Amino acid sequence: MADLRTIGGHAPRTVSVKTAAYTVLSGDCGTLFTTEGASGAVTFTLPAATVGLRYDFLVKATQELRVDPNGTETIALPSSGAQQAAGKYLTADANGESLSVVCVKAGEWNVTGYIGTWTIES
Amino acid sequence: MAYVNTAAEGMRNTSATPLPADATGRARLADGFFNAATALLKFAAQSIAWSLIGLRTVTAKTANYTVLTTDTHTVFTTVGASGAVTFALPAATVGLEYFFRVGAAQELRIDPNGTETIALPSTGVQGAAGKYLTADADGETVRIICTKAGQWSVFGSTGTWTAEA
């Protein structure tokens, strides 16, 4: 029986719109989050960085989209790839900016692609 | 009545004695069902295996191509192209995703459907209605995903992509 959730045997990407802070689940792995319609900053709190987890983020409003690692875990700065200070989030606020992160080492998030200007929490 | 299951043809009669006419008909019908079932199982197994392994389909095009929704997640290249190659996208439907890699020193154009739009990789800002993206240096790449009907967003690129003038 054909699976109507697939296209040509491939599952289309899951796209999830959030306009308020959201705690990302490991079960959301592979999801693309956007902030269309947000009227304020939206923080995505990542789950514990476990090898293989990956997420995409797209700023879809002229509001901050923050990607916050779990506890004291770290996330790389897209422009350099260097892991940042413990617990600091990445942020961008221009419509169309995007970020793709993947965990390849427990406790760390690496960036595999980005558009626009992403900065680290000061 | 003896049957053996072969990988190529499914269940076959292997007895030396030919089957009666009506039995042969039923056997052929059974063969058909078994063959169809075998093919379906093979397809399902292959799909599951590819899904688990995470392999992407890579397709080289040297002439214009109308991209299909069923091509989602495909990596298109222009390896071997001797002229510009235009990829005409399907209607932008949430969840569709494509990758493109310039594979020759020729233009690779990504053309949204009708008056739909595609973001400029350098800024992420949606371009003008119906305008294509283009790059022409071997190795340049772009990944696009539809997150809103009618629009393509960019999730990573290398090289210089510009919008149709």
# chains A, B, ... in the order shown; residues from 1 in each chain; ligands from 1

$ residues_around --residues "Thr162 of chain B" --least-positions-apart "5" --cutoff "12 Å" --atoms "only C-alpha atoms" --output "PyMOL selection string"
chain B and resi 107-110+118-128+131-136+140+142+157

$ residues_around --residues "Gly30 of chain A" --least-positions-apart "4" --cutoff "10 Å" --atoms "only C-alpha atoms" --output "list in words"
Arg13, Thr14, Val15, Ser26, Gly52, Leu53, Arg54, Tyr55, Asp56, Ser100, Val101 and Val102 of chain A

$ write_last_selection --atoms "N, CA and C atoms" --output "PDB file, in the first residue's frame"
ATOM      1  N   ARG A  13      10.385  16.767   3.881  1.00  0.00           N
ATOM      2  CA  ARG A  13      10.863  17.285   5.148  1.00  0.00           C
ATOM      3  C   ARG A  13       9.700  17.724   6.020  1.00  0.00           C
ATOM      4  N   THR A  14       9.844  17.483   7.324  1.00  0.00           N
ATOM      5  CA  THR A  14       8.841  17.967   8.263  1.00  0.00           C
ATOM      6  C   THR A  14       9.167  19.423   8.558  1.00  0.00           C
ATOM      7  N   VAL A  15       8.192  20.301   8.329  1.00  0.00           N
ATOM      8  CA  VAL A  15       8.369  21.729   8.587  1.00  0.00           C
ATOM      9  C   VAL A  15       7.446  22.117   9.735  1.00  0.00           C
ATOM     10  N   SER A  26      14.417  15.202  20.881  1.00  0.00           N
ATOM     11  CA  SER A  26      15.246  14.329  20.051  1.00  0.00           C
ATOM     12  C   SER A  26      14.368  13.689  18.974  1.00  0.00           C
ATOM     13  N   GLY A  52      24.277  12.297  15.773  1.00  0.00           N
ATOM     14  CA  GLY A  52      23.292  11.933  14.751  1.00  0.00           C
ATOM     15  C   GLY A  52      22.087  12.850  14.704  1.00  0.00           C
ATOM     16  N   LEU A  53      21.844  13.578  15.784  1.00  0.00           N
ATOM     17  CA  LEU A  53      20.692  14.494  15.768  1.00  0.00           C
ATOM     18  C   LEU A  53      21.001  15.653  14.817  1.00  0.00           C
ATOM     19  N   ARG A  54      19.991  16.083  14.098  1.00  0.00           N
ATOM     20  CA  ARG A  54      20.191  17.211  13.179  1.00  0.00           C
ATOM     21  C   ARG A  54      18.897  17.996  13.050  1.00  0.00           C
ATOM     22  N   TYR A  55      19.036  19.310  12.889  1.00  0.00           N
ATOM     23  CA  TYR A  55      17.876  20.199  12.776  1.00  0.00           C
ATOM     24  C   TYR A  55      18.215  21.343  11.827  1.00  0.00           C
ATOM     25  N   ASP A  56      17.162  21.916  11.255  1.00  0.00           N
ATOM     26  CA  ASP A  56      17.321  23.103  10.418  1.00  0.00           C
ATOM     27  C   ASP A  56      16.435  24.206  10.992  1.00  0.00           C
ATOM     28  N   SER A 100      21.706  25.121   9.629  1.00  0.00           N
ATOM     29  CA  SER A 100      21.587  23.663   9.731  1.00  0.00           C
ATOM     30  C   SER A 100      22.612  23.171  10.732  1.00  0.00           C
ATOM     31  N   VAL A 101      22.157  22.459  11.753  1.00  0.00           N
ATOM     32  CA  VAL A 101      23.092  21.947  12.762  1.00  0.00           C
ATOM     33  C   VAL A 101      22.971  20.434  12.868  1.00  0.00           C
ATOM     34  N   VAL A 102      24.107  19.834  13.220  1.00  0.00           N
ATOM     35  CA  VAL A 102      24.136  18.387  13.412  1.00  0.00           C
ATOM     36  C   VAL A 102      25.094  18.093  14.564  1.00  0.00           C
TER      37      VAL A 102
END

$ closest_atom_pairs --of "chain A" --to "chain B" --cutoff "12 Å" --atoms "only C-alpha atoms" --output "JSON lines"
{"residue": "A:Met1", "atom": "CA", "partner": "B:Leu40", "partner_atom": "CA", "distance": 9.7}
{"residue": "A:Ala2", "atom": "CA", "partner": "B:Ala44", "partner_atom": "CA", "distance": 10.2}
{"residue": "A:Asp3", "atom": "CA", "partner": "B:Ala44", "partner_atom": "CA", "distance": 11.0}
{"residue": "A:Arg5", "atom": "CA", "partner": "B:Gly95", "partner_atom": "CA", "distance": 10.8}
{"residue": "A:Thr6", "atom": "CA", "partner": "B:Thr70", "partner_atom": "CA", "distance": 8.9}
{"residue": "A:Ile7", "atom": "CA", "partner": "B:Thr70", "partner_atom": "CA", "distance": 5.2}
{"residue": "A:Gly8", "atom": "CA", "partner": "B:Thr70", "partner_atom": "CA", "distance": 4.5}
{"residue": "A:Gly9", "atom": "CA", "partner": "B:Ser47", "partner_atom": "CA", "distance": 6.7}
{"residue": "A:His10", "atom": "CA", "partner": "B:Thr72", "partner_atom": "CA", "distance": 7.0}
{"residue": "A:Ala11", "atom": "CA", "partner": "B:Thr72", "partner_atom": "CA", "distance": 8.3}
{"residue": "A:Pro12", "atom": "CA", "partner": "B:Gly95", "partner_atom": "CA", "distance": 4.6}
{"residue": "A:Arg13", "atom": "CA", "partner": "B:Gly95", "partner_atom": "CA", "distance": 4.2}
{"residue": "A:Thr14", "atom": "CA", "partner": "B:Gly95", "partner_atom": "CA", "distance": 5.9}
{"residue": "A:Val15", "atom": "CA", "partner": "B:Thr147", "partner_atom": "CA", "distance": 6.2}
{"residue": "A:Ser16", "atom": "CA", "partner": "B:Thr147", "partner_atom": "CA", "distance": 8.6}
{"residue": "A:Val17", "atom": "CA", "partner": "B:Thr147", "partner_atom": "CA", "distance": 9.1}
{"residue": "A:Gly30", "atom": "CA", "partner": "B:Gly95", "partner_atom": "CA", "distance": 11.3}
{"residue": "A:Thr31", "atom": "CA", "partner": "B:Gly95", "partner_atom": "CA", "distance": 9.7}
{"residue": "A:Leu32", "atom": "CA", "partner": "B:Thr147", "partner_atom": "CA", "distance": 8.0}
{"residue": "A:Phe33", "atom": "CA", "partner": "B:Thr147", "partner_atom": "CA", "distance": 8.8}
{"residue": "A:Thr34", "atom": "CA", "partner": "B:Thr147", "partner_atom": "CA", "distance": 7.7}
{"residue": "A:Thr35", "atom": "CA", "partner": "B:Thr147", "partner_atom": "CA", "distance": 10.5}
{"residue": "A:Glu36", "atom": "CA", "partner": "B:Lys148", "partner_atom": "CA", "distance": 9.1}
{"residue": "A:Gly37", "atom": "CA", "partner": "B:Lys148", "partner_atom": "CA", "distance": 12.0}
{"residue": "A:Gly52", "atom": "CA", "partner": "B:Gly54", "partner_atom": "CA", "distance": 11.8}
{"residue": "A:Tyr55", "atom": "CA", "partner": "B:Phe155", "partner_atom": "CA", "distance": 11.1}
{"residue": "A:Asp56", "atom": "CA", "partner": "B:Phe155", "partner_atom": "CA", "distance": 7.9}
{"residue": "A:Phe57", "atom": "CA", "partner": "B:Phe155", "partner_atom": "CA", "distance": 8.6}
{"residue": "A:Leu58", "atom": "CA", "partner": "B:Phe155", "partner_atom": "CA", "distance": 8.2}
{"residue": "A:Val59", "atom": "CA", "partner": "B:Gly124", "partner_atom": "CA", "distance": 9.3}
{"residue": "A:Lys60", "atom": "CA", "partner": "B:Thr147", "partner_atom": "CA", "distance": 9.5}
{"residue": "A:Ala61", "atom": "CA", "partner": "B:Val125", "partner_atom": "CA", "distance": 11.4}
{"residue": "A:Thr62", "atom": "CA", "partner": "B:Val125", "partner_atom": "CA", "distance": 11.7}
{"residue": "A:Pro78", "atom": "CA", "partner": "B:Gly156", "partner_atom": "CA", "distance": 10.8}
{"residue": "A:Ala92", "atom": "CA", "partner": "B:Gly124", "partner_atom": "CA", "distance": 11.7}
{"residue": "A:Asp93", "atom": "CA", "partner": "B:Gly124", "partner_atom": "CA", "distance": 11.4}
{"residue": "A:Ala94", "atom": "CA", "partner": "B:Gly124", "partner_atom": "CA", "distance": 8.4}
{"residue": "A:Asn95", "atom": "CA", "partner": "B:Val125", "partner_atom": "CA", "distance": 6.7}
{"residue": "A:Gly96", "atom": "CA", "partner": "B:Gly124", "partner_atom": "CA", "distance": 4.2}
{"residue": "A:Glu97", "atom": "CA", "partner": "B:Gly124", "partner_atom": "CA", "distance": 5.2}
{"residue": "A:Ser98", "atom": "CA", "partner": "B:Phe155", "partner_atom": "CA", "distance": 5.7}
{"residue": "A:Leu99", "atom": "CA", "partner": "B:Phe155", "partner_atom": "CA", "distance": 6.4}
{"residue": "A:Ser100", "atom": "CA", "partner": "B:Phe155", "partner_atom": "CA", "distance": 6.9}
{"residue": "A:Val101", "atom": "CA", "partner": "B:Phe155", "partner_atom": "CA", "distance": 10.6}
{"residue": "A:Val111", "atom": "CA", "partner": "B:Gly156", "partner_atom": "CA", "distance": 10.0}
{"residue": "A:Thr112", "atom": "CA", "partner": "B:Gly156", "partner_atom": "CA", "distance": 7.7}
{"residue": "A:Gly113", "atom": "CA", "partner": "B:Gly156", "partner_atom": "CA", "distance": 4.3}
{"residue": "A:Tyr114", "atom": "CA", "partner": "B:Gly156", "partner_atom": "CA", "distance": 4.9}
{"residue": "A:Ile115", "atom": "CA", "partner": "B:Gly124", "partner_atom": "CA", "distance": 6.0}
{"residue": "A:Gly116", "atom": "CA", "partner": "B:Thr123", "partner_atom": "CA", "distance": 5.4}
{"residue": "A:Thr117", "atom": "CA", "partner": "B:Thr123", "partner_atom": "CA", "distance": 8.7}
{"residue": "A:Trp118", "atom": "CA", "partner": "B:Thr123", "partner_atom": "CA", "distance": 11.9}

$ residues_around --residues "segment 80-85 of chain B" --least-positions-apart "2" --cutoff "8 Å" --atoms "only C-alpha atoms" --output "list of chain:residue names"
B:Lys61, B:Thr62, B:Ala63, B:Asn64, B:Tyr65, B:Thr78, B:Phe87, B:Gly103, B:Ala104, B:Gln106, B:Glu107, B:Leu108, B:Arg109

$ residues_around --residues "Gln84 of chain A" --least-positions-apart "4" --cutoff "9 Å" --atoms "only C-alpha atoms" --output "list in words"
Thr74, Ile75, Ala76, Leu77, Lys88, Tyr89 and Ile120 of chain A

$ write_last_selection --atoms "N, CA and C atoms" --output "PDB file, in the first residue's frame"
ATOM      1  N   THR A  74      27.759  23.164  23.773  1.00  0.00           N
ATOM      2  CA  THR A  74      28.209  24.257  22.907  1.00  0.00           C
ATOM      3  C   THR A  74      27.712  24.088  21.476  1.00  0.00           C
ATOM      4  N   ILE A  75      27.769  25.208  20.771  1.00  0.00           N
ATOM      5  CA  ILE A  75      27.345  25.232  19.366  1.00  0.00           C
ATOM      6  C   ILE A  75      28.372  26.057  18.596  1.00  0.00           C
ATOM      7  N   ALA A  76      28.620  25.673  17.368  1.00  0.00           N
ATOM      8  CA  ALA A  76      29.645  26.362  16.569  1.00  0.00           C
ATOM      9  C   ALA A  76      29.106  27.658  15.987  1.00  0.00           C
ATOM     10  N   LEU A  77      30.003  28.618  15.815  1.00  0.00           N
ATOM     11  CA  LEU A  77      29.661  29.862  15.132  1.00  0.00           C
ATOM     12  C   LEU A  77      29.704  29.579  13.631  1.00  0.00           C
ATOM     13  N   LYS A  88      26.047  29.150  25.376  1.00  0.00           N
ATOM     14  CA  LYS A  88      25.672  30.350  24.623  1.00  0.00           C
ATOM     15  C   LYS A  88      24.850  29.984  23.388  1.00  0.00           C
ATOM     16  N   TYR A  89      23.826  30.803  23.117  1.00  0.00           N
ATOM     17  CA  TYR A  89      22.965  30.526  21.961  1.00  0.00           C
ATOM     18  C   TYR A  89      23.419  31.280  20.714  1.00  0.00           C
ATOM     19  N   ILE A 120      26.738  34.991  18.204  1.00  0.00           N
ATOM     20  CA  ILE A 120      26.635  34.249  19.450  1.00  0.00           C
ATOM     21  C   ILE A 120      26.160  35.178  20.572  1.00  0.00           C
TER      22      ILE A 120
END

$ closest_residue --among "A:Val104, A:Ala48, A:Cys29, A:Val67" --to "Thr119 of chain A" --atoms "only C-alpha atoms"
A:Val67

$ closest_residue --among "A:Glu64, A:Gly71, A:Thr23, A:Glu108" --to "Gly40 of chain A" --atoms "only C-alpha atoms"
A:Glu64

$ residues_around --residues "Gly139 of chain B" --least-positions-apart "2" --cutoff "7 Å" --atoms "only C-alpha atoms" --output "PyMOL selection string"
chain B and resi 101-103+137+141

$ select_by_dssp --residues "chain A" --states "strand (DSSP E or B)" --output "PyMOL selection string"
chain A and resi 7+10+15-17+22-23+32-34+42-45+54-58+65-68+74-76+83+90-92+98-105+108-115+119-120
